[in-house]
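For reference, coords-v8.tsv is printed below; it contains TSV, C-alpha atoms.
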```
chain	number	residue	atom	x	y	z
A	13	MET	CA	117.66	98.35	108.79
A	14	ARG	CA	115.72	101.59	109.08
A	15	LYS	CA	114.96	102.70	112.61
A	16	THR	CA	111.27	102.97	111.83
A	17	ASP	CA	111.07	99.20	111.29
A	18	LEU	CA	110.34	97.88	114.77
A	19	ALA	CA	110.14	94.15	114.00
A	20	TYR	CA	112.63	91.61	115.33
A	21	ARG	CA	112.46	88.92	112.67
A	22	SER	CA	113.27	85.29	113.35
A	23	GLU	CA	116.55	84.10	111.86
A	24	LEU	CA	114.69	80.90	110.94
A	25	ASN	CA	112.30	82.68	108.56
A	26	PRO	CA	110.47	81.55	106.57
A	27	LEU	CA	108.88	79.18	109.08
A	28	ILE	CA	106.40	77.56	106.69
A	29	LYS	CA	106.57	77.19	102.90
A	30	PRO	CA	104.00	75.72	100.48
A	31	GLN	CA	106.08	72.58	100.00
A	32	ASP	CA	105.93	71.87	103.74
A	33	LEU	CA	102.25	70.93	103.43
A	34	ALA	CA	100.38	68.37	101.37
A	35	PRO	CA	97.29	69.43	99.38
A	36	MET	CA	93.94	68.46	100.88
A	37	ILE	CA	91.97	68.39	97.60
A	38	PRO	CA	92.66	65.44	95.24
A	39	GLY	CA	94.44	66.45	92.04
A	40	MET	CA	95.47	69.83	93.40
A	41	GLU	CA	98.73	71.49	94.36
A	42	ILE	CA	99.40	74.15	96.97
A	43	ALA	CA	100.19	77.41	95.21
A	44	CYS	CA	100.59	79.70	98.21
A	45	ILE	CA	100.09	79.97	101.93
A	46	PHE	CA	99.01	83.24	103.47
A	47	ASN	CA	98.81	85.29	106.65
A	48	PRO	CA	97.29	83.21	109.47
A	49	GLY	CA	94.96	83.98	112.31
A	50	VAL	CA	96.79	83.36	115.60
A	51	PHE	CA	95.59	82.18	119.00
A	52	ARG	CA	96.58	80.16	122.07
A	53	PHE	CA	94.80	76.85	122.68
A	54	ASN	CA	95.71	73.97	125.02
A	55	ASN	CA	98.97	75.75	125.93
A	56	LYS	CA	100.08	75.81	122.31
A	57	THR	CA	100.56	78.54	119.76
A	58	CYS	CA	98.11	77.93	116.95
A	59	LEU	CA	97.93	79.24	113.42
A	60	LEU	CA	94.76	79.26	111.36
A	61	LEU	CA	96.56	79.24	108.05
A	62	ARG	CA	95.08	80.29	104.74
A	63	VAL	CA	96.06	77.70	102.15
A	64	ALA	CA	95.44	78.32	98.44
A	65	GLU	CA	95.23	75.28	96.16
A	66	ARG	CA	94.90	75.04	92.39
A	67	PRO	CA	94.76	72.27	89.79
A	68	ILE	CA	98.08	70.97	88.52
A	69	GLN	CA	98.49	72.98	85.33
A	70	THR	CA	98.93	71.53	81.84
A	71	ASP	CA	100.55	73.09	78.76
A	72	GLY	CA	98.34	75.44	76.80
A	73	GLU	CA	95.68	75.65	79.50
A	74	ILE	CA	94.94	77.42	82.75
A	75	SER	CA	92.70	75.77	85.31
A	76	THR	CA	91.09	76.79	88.57
A	77	ILE	CA	88.71	75.23	91.07
A	78	ILE	CA	85.50	76.27	92.80
A	79	ARG	CA	83.13	74.61	95.25
A	80	ASN	CA	79.79	74.20	93.50
A	81	ALA	CA	76.23	74.33	94.83
A	82	ASN	CA	76.39	70.62	95.71
A	83	GLY	CA	79.47	71.12	97.87
A	84	GLN	CA	81.70	69.36	95.34
A	85	PHE	CA	85.01	70.69	94.05
A	86	GLU	CA	84.68	71.58	90.38
A	87	LYS	CA	87.61	72.16	88.05
A	88	ILE	CA	87.24	74.85	85.36
A	89	THR	CA	89.71	74.95	82.45
A	90	PHE	CA	90.43	77.65	79.85
A	91	ARG	CA	92.61	77.58	76.74
A	92	LYS	CA	95.40	80.12	76.99
A	93	SER	CA	94.91	80.91	73.29
A	94	ASP	CA	91.28	81.92	73.83
A	95	PRO	CA	91.01	85.64	72.96
A	96	ASP	CA	88.33	86.09	75.63
A	97	LEU	CA	90.75	85.04	78.37
A	98	ASP	CA	92.56	87.62	80.52
A	99	ALA	CA	95.06	85.98	82.88
A	100	LYS	CA	97.64	88.75	83.29
A	101	ASP	CA	97.08	88.97	87.05
A	102	PRO	CA	98.46	85.83	88.80
A	103	ARG	CA	95.55	86.03	91.26
A	104	VAL	CA	92.56	86.45	88.93
A	105	ILE	CA	91.22	84.87	85.74
A	106	ARG	CA	88.79	86.97	83.73
A	107	TYR	CA	86.75	85.26	81.03
A	108	LYS	CA	83.89	86.86	79.09
A	109	GLY	CA	83.24	89.37	81.86
A	110	GLN	CA	83.28	86.77	84.65
A	111	ASP	CA	86.04	86.78	87.27
A	112	TYR	CA	87.49	83.63	88.82
A	113	LEU	CA	90.29	83.28	91.32
A	114	THR	CA	93.32	81.26	90.23
A	115	THR	CA	93.19	79.38	93.55
A	116	LEU	CA	90.68	78.21	96.15
A	117	SER	CA	91.50	79.18	99.74
A	118	TYR	CA	90.56	77.39	102.94
A	119	GLN	CA	91.89	77.29	106.52
A	120	ARG	CA	94.22	74.75	108.15
A	121	LEU	CA	95.22	74.48	111.81
A	122	LEU	CA	98.87	74.22	112.80
A	123	PHE	CA	100.24	73.89	116.32
A	124	SER	CA	103.55	74.71	118.00
A	125	ASP	CA	105.15	74.22	121.40
A	126	ASP	CA	107.93	76.77	120.79
A	127	ASN	CA	106.42	79.43	118.45
A	128	ILE	CA	108.72	78.29	115.63
A	129	HIS	CA	108.19	74.64	114.67
A	130	PHE	CA	104.62	73.85	113.60
A	131	TYR	CA	102.77	70.61	112.97
A	132	GLU	CA	99.28	69.43	112.06
A	133	ASP	CA	96.97	67.25	114.17
A	134	ILE	CA	94.55	64.93	112.36
A	135	ASN	CA	91.98	65.55	115.10
A	136	TYR	CA	91.53	69.10	113.80
A	137	PRO	CA	90.29	69.02	110.19
A	138	PRO	CA	90.63	71.84	107.65
A	139	ILE	CA	87.86	74.42	107.37
A	140	PHE	CA	86.37	74.93	103.91
A	141	GLY	CA	83.84	77.45	102.73
A	142	GLU	CA	80.23	76.35	102.48
A	143	GLY	CA	77.37	77.54	100.30
A	144	GLN	CA	77.09	79.93	97.38
A	145	LEU	CA	78.61	82.91	99.18
A	146	GLU	CA	81.83	80.98	99.93
A	147	SER	CA	82.16	79.07	96.64
A	148	PHE	CA	85.49	80.75	95.80
A	149	GLY	CA	86.84	80.09	99.31
A	150	ILE	CA	87.39	81.74	102.68
A	151	GLU	CA	90.36	84.02	103.27
A	152	ASP	CA	92.31	86.12	105.78
A	153	CYS	CA	90.73	84.84	108.98
A	154	ARG	CA	91.09	86.81	112.21
A	155	VAL	CA	90.65	84.92	115.50
A	156	SER	CA	89.39	86.59	118.67
A	157	TYR	CA	88.47	85.07	122.04
A	158	ILE	CA	85.36	86.53	123.66
A	159	ASP	CA	83.20	85.10	126.46
A	160	GLY	CA	84.65	81.60	126.21
A	161	LYS	CA	84.34	81.31	122.43
A	162	PHE	CA	86.77	81.68	119.56
A	163	ASN	CA	85.38	83.95	116.86
A	164	LEU	CA	86.57	83.53	113.28
A	165	THR	CA	85.94	86.54	111.06
A	166	TYR	CA	86.93	85.96	107.45
A	167	SER	CA	86.46	87.10	103.88
A	168	ALA	CA	83.75	85.02	102.19
A	169	ILE	CA	84.56	84.92	98.47
A	170	SER	CA	82.11	84.16	95.67
A	171	PRO	CA	81.17	85.30	92.15
A	172	VAL	CA	78.57	87.54	93.79
A	173	ALA	CA	81.01	89.58	95.89
A	174	VAL	CA	83.22	89.58	98.98
A	175	GLY	CA	81.65	89.87	102.44
A	176	ILE	CA	82.60	89.09	106.03
A	177	GLY	CA	81.54	85.79	107.55
A	178	LEU	CA	81.59	84.63	111.16
A	179	MET	CA	82.10	81.20	112.73
A	180	GLN	CA	82.34	80.40	116.42
A	181	THR	CA	83.90	77.42	118.19
A	182	THR	CA	85.05	76.30	121.61
A	183	ASP	CA	86.98	73.17	120.59
A	184	TRP	CA	88.14	73.74	116.97
A	185	GLN	CA	86.29	70.62	115.90
A	186	HIS	CA	82.71	71.88	115.82
A	187	PHE	CA	81.72	75.23	114.32
A	188	ASP	CA	78.63	77.39	114.55
A	189	ARG	CA	78.44	79.21	111.21
A	190	LYS	CA	76.67	82.55	111.54
A	191	GLY	CA	76.83	83.51	107.84
A	192	LEU	CA	77.63	87.01	106.60
A	193	ILE	CA	77.74	89.65	109.33
A	194	PHE	CA	78.92	92.50	107.06
A	195	PRO	CA	77.55	92.68	103.50
A	196	PRO	CA	79.67	93.12	100.36
A	197	HIS	CA	82.02	94.60	99.57
A	198	ASN	CA	83.84	94.21	102.88
A	199	LYS	CA	87.03	92.69	104.30
A	200	ASP	CA	89.50	92.93	107.19
A	201	CYS	CA	87.16	92.50	110.17
A	202	ALA	CA	88.79	92.47	113.62
A	203	PHE	CA	86.76	92.21	116.82
A	204	PHE	CA	87.76	94.01	120.02
A	205	GLU	CA	88.14	91.24	122.61
A	206	GLU	CA	86.24	93.05	125.36
A	207	LYS	CA	83.16	95.24	125.50
A	208	ILE	CA	83.53	99.00	125.75
A	209	ASN	CA	80.78	100.64	127.80
A	210	GLY	CA	78.73	97.46	127.47
A	211	THR	CA	79.02	97.23	123.67
A	212	HIS	CA	81.00	95.05	121.27
A	213	TYR	CA	83.14	96.84	118.67
A	214	ALA	CA	84.71	95.73	115.40
A	215	LEU	CA	86.95	97.25	112.76
A	216	HIS	CA	86.08	96.51	109.14
A	217	ARG	CA	86.74	97.77	105.63
A	218	PRO	CA	83.82	98.40	103.30
A	219	SER	CA	84.73	99.65	99.84
A	220	CYS	CA	82.99	100.95	96.75
A	221	HIS	CA	84.38	101.52	93.25
A	222	GLU	CA	82.20	104.56	92.63
A	223	LEU	CA	82.77	106.60	95.79
A	224	GLY	CA	85.09	106.66	98.78
A	225	GLY	CA	88.04	104.32	99.15
A	226	ASN	CA	89.56	101.41	101.03
A	227	TYR	CA	89.29	102.90	104.52
A	228	ILE	CA	89.01	101.52	108.06
A	229	TRP	CA	85.60	101.76	109.69
A	230	ILE	CA	84.30	100.88	113.15
A	231	ALA	CA	80.93	99.40	114.12
A	232	GLN	CA	79.01	98.42	117.27
A	233	SER	CA	76.99	95.32	118.17
A	234	PRO	CA	75.05	93.85	121.09
A	235	ASP	CA	75.81	90.24	120.10
A	236	LEU	CA	78.69	90.06	117.53
A	237	VAL	CA	76.20	89.23	114.76
A	238	HIS	CA	74.08	92.37	114.26
A	239	TRP	CA	76.16	95.48	113.57
A	240	GLY	CA	75.39	99.18	113.29
A	241	GLN	CA	76.58	102.68	114.26
A	242	HIS	CA	79.19	102.55	111.48
A	243	LYS	CA	81.85	105.27	111.36
A	244	CYS	CA	84.86	105.80	109.13
A	245	ILE	CA	87.88	106.34	111.37
A	246	ALA	CA	90.94	106.21	109.09
A	247	LEU	CA	91.51	107.17	105.45
A	248	THR	CA	94.29	106.40	103.02
A	249	ARG	CA	96.93	109.14	102.81
A	250	PRO	CA	98.02	110.48	99.39
A	251	GLY	CA	101.73	110.17	98.68
A	252	MET	CA	102.41	107.99	101.71
A	253	TRP	CA	103.06	104.28	102.25
A	254	ASP	CA	99.33	103.67	102.84
A	255	GLU	CA	98.01	105.75	99.94
A	256	ALA	CA	95.97	103.07	98.14
A	257	ARG	CA	94.31	100.87	100.77
A	258	ILE	CA	94.37	100.13	104.48
A	259	GLY	CA	92.84	97.44	106.67
A	260	ALA	CA	92.92	96.25	110.28
A	261	GLY	CA	95.07	93.32	111.33
A	262	ALA	CA	94.29	91.25	114.41
A	263	SER	CA	92.23	92.32	117.44
A	264	PRO	CA	93.28	95.67	118.94
A	265	ILE	CA	95.56	95.49	121.99
A	266	LYS	CA	94.48	97.37	125.12
A	267	THR	CA	97.21	99.61	126.55
A	268	PRO	CA	97.09	102.45	129.13
A	269	GLU	CA	97.51	104.93	126.26
A	270	GLY	CA	94.70	103.53	124.10
A	271	TRP	CA	93.72	100.63	121.87
A	272	LEU	CA	96.75	99.69	119.77
A	273	VAL	CA	95.80	98.65	116.23
A	274	ILE	CA	98.34	97.10	113.87
A	275	TYR	CA	97.10	97.59	110.33
A	276	HIS	CA	98.30	97.03	106.78
A	277	GLY	CA	98.69	99.71	104.17
A	278	ALA	CA	99.59	99.58	100.50
A	279	THR	CA	100.79	101.91	97.77
A	280	TYR	CA	99.34	102.00	94.27
A	281	ASP	CA	102.30	99.80	93.30
A	282	ASN	CA	100.96	97.16	95.73
A	283	ARG	CA	103.78	97.42	98.24
A	284	TYR	CA	102.29	96.28	101.56
A	285	CYS	CA	103.63	97.41	104.94
A	286	LEU	CA	102.41	97.42	108.54
A	287	GLY	CA	101.59	100.51	110.54
A	288	ALA	CA	99.94	101.30	113.87
A	289	MET	CA	97.37	103.60	115.37
A	290	LEU	CA	96.07	104.34	118.85
A	291	LEU	CA	92.33	104.60	119.49
A	292	ASP	CA	90.68	106.21	122.51
A	293	LEU	CA	89.99	103.68	125.29
A	294	ASN	CA	86.43	104.84	125.93
A	295	ASP	CA	85.51	105.88	122.39
A	296	PRO	CA	87.52	103.80	119.89
A	297	SER	CA	86.08	105.76	116.97
A	298	VAL	CA	88.58	108.48	117.95
A	299	VAL	CA	92.09	108.06	116.50
A	300	LEU	CA	94.66	109.53	118.89
A	301	SER	CA	97.78	108.83	116.84
A	302	ARG	CA	98.87	107.06	113.66
A	303	SER	CA	102.15	105.91	112.12
A	304	ILE	CA	103.83	108.35	109.78
A	305	HIS	CA	106.26	105.65	108.65
A	306	PRO	CA	105.67	101.88	108.58
A	307	ILE	CA	106.54	99.95	111.72
A	308	MET	CA	107.38	96.99	109.46
A	309	GLU	CA	108.07	96.93	105.73
A	310	PRO	CA	109.45	94.49	103.15
A	311	LEU	CA	113.20	94.44	103.73
A	312	GLU	CA	114.34	90.83	103.63
A	313	PRO	CA	114.74	88.95	100.31
A	314	TYR	CA	111.90	86.57	101.21
A	315	GLU	CA	109.63	89.60	101.72
A	316	LYS	CA	110.61	91.30	98.48
A	317	THR	CA	110.32	88.43	95.98
A	318	GLY	CA	107.85	85.58	95.61
A	319	PHE	CA	104.38	84.90	94.23
A	320	PHE	CA	103.50	88.58	94.78
A	321	GLY	CA	106.58	90.41	96.04
A	322	GLU	CA	107.02	93.46	98.27
A	323	VAL	CA	104.28	92.25	100.61
A	324	ILE	CA	104.09	92.01	104.40
A	325	PHE	CA	100.58	91.21	105.62
A	326	SER	CA	99.48	90.19	109.09
A	327	ASN	CA	96.11	89.42	110.63
A	328	GLY	CA	97.38	87.36	113.54
A	329	HIS	CA	99.38	87.80	116.73
A	330	TYR	CA	99.22	86.96	120.39
A	331	LEU	CA	100.36	89.05	123.32
A	332	GLU	CA	102.77	87.93	126.04
A	333	ARG	CA	103.26	90.83	128.48
A	334	ASP	CA	104.98	93.52	126.37
A	335	THR	CA	105.83	91.20	123.48
A	336	ILE	CA	103.67	90.87	120.39
A	337	HIS	CA	104.28	87.50	118.75
A	338	LEU	CA	103.48	88.41	115.15
A	339	TYR	CA	102.97	85.92	112.34
A	340	TYR	CA	102.77	87.30	108.84
A	341	GLY	CA	102.57	86.37	105.20
A	342	ALA	CA	105.50	87.43	103.04
A	343	SER	CA	105.26	87.87	99.28
A	344	ASP	CA	101.85	86.14	99.30
A	345	GLU	CA	103.67	82.81	99.53
A	346	ILE	CA	105.29	81.97	102.88
A	347	ILE	CA	104.74	82.39	106.63
A	348	CYS	CA	107.21	84.23	108.83
A	349	TYR	CA	107.54	85.27	112.47
A	350	ALA	CA	108.67	88.43	114.23
A	351	ARG	CA	108.52	89.91	117.71
A	352	MET	CA	107.48	93.47	118.41
A	353	SER	CA	107.31	95.51	121.60
A	354	VAL	CA	104.08	97.23	122.61
A	355	THR	CA	106.12	99.88	124.42
A	356	GLU	CA	108.30	100.59	121.38
A	357	ILE	CA	105.29	100.93	119.08
A	358	VAL	CA	103.40	103.19	121.49
A	359	ASN	CA	106.48	105.36	122.05
A	360	ASN	CA	106.90	105.59	118.29
A	361	LEU	CA	103.29	106.76	117.98
A	362	LYS	CA	103.61	109.38	120.71
A	363	GLY	CA	105.82	111.47	118.47
A	364	ASN	CA	103.22	111.55	115.67
```
Do you think you could lay out the structure here as structure tokens?
Amino acid sequence: MRKTDLAYRSELNPLIKPQDLAPMIPGMEIACIFNPGVFRFNNKTCLLLRVAERPIQTDGEISTIIRNANGQFEKITFRKSDPDLDAKDPRVIRYKGQDYLTTLSYQRLLFSDDNIHFYEDINYPPIFGEGQLESFGIEDCRVSYIDGKFNLTYSAISPVAVGIGLMQTTDWQHFDRKGLIFPPHNKDCAFFEEKINGTHYALHRPSCHELGGNYIWIAQSPDLVHWGQHKCIALTRPGMWDEARIGAGASPIKTPEGWLVIYHGATYDNRYCLGAMLLDLNDPSVVLSRSIHPIMEPLEPYEKTGFFGEVIFSNGHYLERDTIHLYYGASDEIICYARMSVTEIVNNLKGN
């Protein structure tokens, strides 16, 4: 293993596979499970797992599912022989200029007493998207804990676009849905879990096809709902492992040297790795240091092959002293676990 890879992977990986769960939507199957949000609740390690379901496929056809304006699940079917159908990408169906996702994503709660073995509790129901702006699902949820509330920031997916939604909860049974807090096109929103100079901060990733790129930005807010003072703080880097797109992972970790951000980066060949950067403690729009090489990259067979291979993606961890308990999606299909050391990552960054 290369010295730049700082992850200590569990020998029991993968921890969770699609076949370990039963579909929640009648007539569907689970196609993939993805990178979870992570938090501690009632002395347990909890995963807010993105689950992607699709209709059971039949010969000669390709089907997907959406949630319509009435809140009902609606199956849409296309003939594979239809010349107007473009289904080359396993993630997207394009038909007569309209894009559909091949799956519908929602969030499920899993609990563990040992960080490894997870189970579901019927008292905590799944979380589905609601309304027109979430009709294609909700994805890639980050969980932060601020002022006694859990904050769920997620990608709200619809035919209109992709924006960032916010829900808040104290008990994981009742949710206060705040709607979109960052307009399209935007993803990868991670809240700082404490105020800096009396102000809330968040990392996010707006993008535009015409100008700019998939960069990490920072914003400020008085209340976690209304955001402004946007600044771009990190760009993609040509010829490097994060040349095509980057995005923040979970909430930044406060260290004496700065705010430690674990982020994902991808090449134009869609190889996803994790890197790190340090932000100034008093002005987190200032990047003090950034990974030259990935701190974690696809190395194991289960990270290199799958629904969409060569992918490591994380938007969830929790901190226990110096140890980062990191949960990540591998190959857009399974959930894995690794430990990382804050000290090792920071020391690695100091040389950059």
Distance cut-off 12 Å, centre (99.9, 88.3, 127.4) in file coordinates, counting only C-alpha atoms: which residues qualify? Return them as a PDB file with C-alpha atoms, in the coordinates of the input.
```pdb
ATOM      1  CA  PHE A  51      95.590  82.180 119.000  1.00  0.00           C
ATOM      2  CA  ARG A  52      96.580  80.160 122.070  1.00  0.00           C
ATOM      3  CA  ILE A 265      95.560  95.490 121.990  1.00  0.00           C
ATOM      4  CA  LYS A 266      94.480  97.370 125.120  1.00  0.00           C
ATOM      5  CA  THR A 267      97.210  99.610 126.550  1.00  0.00           C
ATOM      6  CA  HIS A 329      99.380  87.800 116.730  1.00  0.00           C
ATOM      7  CA  TYR A 330      99.220  86.960 120.390  1.00  0.00           C
ATOM      8  CA  LEU A 331     100.360  89.050 123.320  1.00  0.00           C
ATOM      9  CA  GLU A 332     102.770  87.930 126.040  1.00  0.00           C
ATOM     10  CA  ARG A 333     103.260  90.830 128.480  1.00  0.00           C
ATOM     11  CA  ASP A 334     104.980  93.520 126.370  1.00  0.00           C
ATOM     12  CA  THR A 335     105.830  91.200 123.480  1.00  0.00           C
ATOM     13  CA  ILE A 336     103.670  90.870 120.390  1.00  0.00           C
ATOM     14  CA  HIS A 337     104.280  87.500 118.750  1.00  0.00           C
ATOM     15  CA  SER A 353     107.310  95.510 121.600  1.00  0.00           C
ATOM     16  CA  VAL A 354     104.080  97.230 122.610  1.00  0.00           C
TER      17      VAL A 354
END
```
If you count only C-alpha atoms, which residues fall within 8 Å of A:Gln232, apart from same-chain ones fewer than 3 positions away, as number ranges by chain? A: 211-214, 239-242
So that each row is one residue of stretch 297-329 of chain A with an atom at most 7 Å from stretch 272-291 of chain A, can you give its shortest atom pair and the distance in Å to one decimal, using all atoms listed in the file, rows by chain and rising number, as CSV?
```
residue,atom,partner,partner_atom,distance
A:Ser297,CA,A:Leu291,CA,6.8
A:Val298,CA,A:Leu291,CA,5.6
A:Val299,CA,A:Leu291,CA,4.6
A:Leu300,CA,A:Leu290,CA,5.4
A:Ser301,CA,A:Leu290,CA,5.2
A:Arg302,CA,A:Met289,CA,4.1
A:Ser303,CA,A:Ala288,CA,5.4
A:Pro306,CA,A:Gly287,CA,4.7
A:Ile307,CA,A:Gly287,CA,5.1
A:Met308,CA,A:Leu286,CA,5.1
A:Glu309,CA,A:Cys285,CA,4.5
A:Pro310,CA,A:Cys285,CA,6.8
A:Glu322,CA,A:Arg283,CA,5.1
A:Val323,CA,A:Tyr284,CA,4.6
A:Ile324,CA,A:Tyr284,CA,5.4
A:Phe325,CA,A:His276,CA,6.4
```
Write the residues you've just listed into a file as a short mmCIF file (atom, residue, chain, number, x, y, z; two decimals), in the frame of the given file, and include C-alpha atoms for each of them.
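Written output follows (part26.cif):
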```cif
data_model
loop_
_atom_site.label_atom_id
_atom_site.label_comp_id
_atom_site.auth_asym_id
_atom_site.auth_seq_id
_atom_site.Cartn_x
_atom_site.Cartn_y
_atom_site.Cartn_z
CA SER A 297 86.08 105.76 116.97
CA VAL A 298 88.58 108.48 117.95
CA VAL A 299 92.09 108.06 116.50
CA LEU A 300 94.66 109.53 118.89
CA SER A 301 97.78 108.83 116.84
CA ARG A 302 98.87 107.06 113.66
CA SER A 303 102.15 105.91 112.12
CA PRO A 306 105.67 101.88 108.58
CA ILE A 307 106.54 99.95 111.72
CA MET A 308 107.38 96.99 109.46
CA GLU A 309 108.07 96.93 105.73
CA PRO A 310 109.45 94.49 103.15
CA GLU A 322 107.02 93.46 98.27
CA VAL A 323 104.28 92.25 100.61
CA ILE A 324 104.09 92.01 104.40
CA PHE A 325 100.58 91.21 105.62
#
```
Just the residues within 8 Å of A:Pro195, please, counting only C-alpha atoms, with nothing from its chain fewer than 4 positions along; format it as a PyMOL selection string. chain A and resi 174-176
Would you mind exporting the chosen residues as a PDB file, in the frame of the given file, restricted to C-alpha atoms?
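Saved the output as result14.pdb:
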```
ATOM      1  CA  VAL A 174      83.220  89.580  98.980  1.00  0.00           C
ATOM      2  CA  GLY A 175      81.650  89.870 102.440  1.00  0.00           C
ATOM      3  CA  ILE A 176      82.600  89.090 106.030  1.00  0.00           C
TER       4      ILE A 176
END
```
Please measure the separation of atom CA of A:Arg120 and atom CA of A:Ser156, giving the value in Å to one decimal.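 Distance reported for this atom pair: 16.6 Å.
Between A:Cys348 and the candidates A:Asn25, A:Ser167, A:Asn360, A:Thr182, the tightest atom-to-atom separation, counting all atoms listed in the file, involves A:Asn25.
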Atomic separation - atom CA of A:Ser326 relative to atom CA of A:Gly341, Å: 6.3 Å
Using all atoms of stretch 272-285 of chain A listed in the file and a margin of 6 Å per side, can you give the axis-aligned box centre and edge lengths in Å to one decimal, as JSON?
```
{"center_x": 99.8, "center_y": 99.1, "center_z": 106.5, "size_x": 20.0, "size_y": 17.7, "size_z": 38.5}
```
Let me make sure I understand: among A:Pro313, A:Gly39, A:Gly225, A:Gly49, which one has the smallest atom-to-atom distance to A:Ala262 if we use only C-alpha atoms?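 Using only C-alpha atoms, A:Ala262 sits closest to A:Gly49.
Shortest separation to A:Tyr349 among A:Gly83, A:Pro26, A:Pro138, A:Pro234 occurs at residue A:Pro26, atoms counted being only C-alpha atoms.
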Residues near stretch 106-116 of chain A, anyone? I mean within 9 Å using only C-alpha atoms, not counting same-chain ones fewer than 5 positions away, as a list in words. Ile42, Ala43, Cys44, Val63, Ala64, Glu65, Arg66, Pro67, Ile74, Ser75, Thr76, Ile77, Ile78, Arg79, Phe90, Asp96, Leu97, Asp98, Ala99, Ser147, Phe148, Gly149, Ile150, Ser170 and Pro171 of chain A
Keeping only C-alpha atoms, write the selected residues to a file as a PDB file, in the coordinates of the input.
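Done, and the output landed in out_36.pdb:
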```pdb
ATOM      1  CA  ILE A  42      99.400  74.150  96.970  1.00  0.00           C
ATOM      2  CA  ALA A  43     100.190  77.410  95.210  1.00  0.00           C
ATOM      3  CA  CYS A  44     100.590  79.700  98.210  1.00  0.00           C
ATOM      4  CA  VAL A  63      96.060  77.700 102.150  1.00  0.00           C
ATOM      5  CA  ALA A  64      95.440  78.320  98.440  1.00  0.00           C
ATOM      6  CA  GLU A  65      95.230  75.280  96.160  1.00  0.00           C
ATOM      7  CA  ARG A  66      94.900  75.040  92.390  1.00  0.00           C
ATOM      8  CA  PRO A  67      94.760  72.270  89.790  1.00  0.00           C
ATOM      9  CA  ILE A  74      94.940  77.420  82.750  1.00  0.00           C
ATOM     10  CA  SER A  75      92.700  75.770  85.310  1.00  0.00           C
ATOM     11  CA  THR A  76      91.090  76.790  88.570  1.00  0.00           C
ATOM     12  CA  ILE A  77      88.710  75.230  91.070  1.00  0.00           C
ATOM     13  CA  ILE A  78      85.500  76.270  92.800  1.00  0.00           C
ATOM     14  CA  ARG A  79      83.130  74.610  95.250  1.00  0.00           C
ATOM     15  CA  PHE A  90      90.430  77.650  79.850  1.00  0.00           C
ATOM     16  CA  ASP A  96      88.330  86.090  75.630  1.00  0.00           C
ATOM     17  CA  LEU A  97      90.750  85.040  78.370  1.00  0.00           C
ATOM     18  CA  ASP A  98      92.560  87.620  80.520  1.00  0.00           C
ATOM     19  CA  ALA A  99      95.060  85.980  82.880  1.00  0.00           C
ATOM     20  CA  SER A 147      82.160  79.070  96.640  1.00  0.00           C
ATOM     21  CA  PHE A 148      85.490  80.750  95.800  1.00  0.00           C
ATOM     22  CA  GLY A 149      86.840  80.090  99.310  1.00  0.00           C
ATOM     23  CA  ILE A 150      87.390  81.740 102.680  1.00  0.00           C
ATOM     24  CA  SER A 170      82.110  84.160  95.670  1.00  0.00           C
ATOM     25  CA  PRO A 171      81.170  85.300  92.150  1.00  0.00           C
TER      26      PRO A 171
END
```
Write out as a count of residues only the residues lying within 12 Å of A:Leu236, counting all atoms listed in the file and excluding same-chain residues fewer than 2 positions away. 37
Using atom CA of A:Cys153 and atom CA of A:Gln69 as the two end points, give the distance in Å to one decimal. 27.6 Å
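Distance annotation: of A:Asn327, A:Pro95, A:Asn127, A:Thr317, the residue with the minimal separation from A:Leu24 is A:Asn127; atom set is all atoms listed in the file.
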Residue among A:Pro268, A:Pro38, A:Pro30, A:Pro137 lying closest to A:Leu60, counting only C-alpha atoms: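 Using only C-alpha atoms, A:Leu60 sits closest to A:Pro137.
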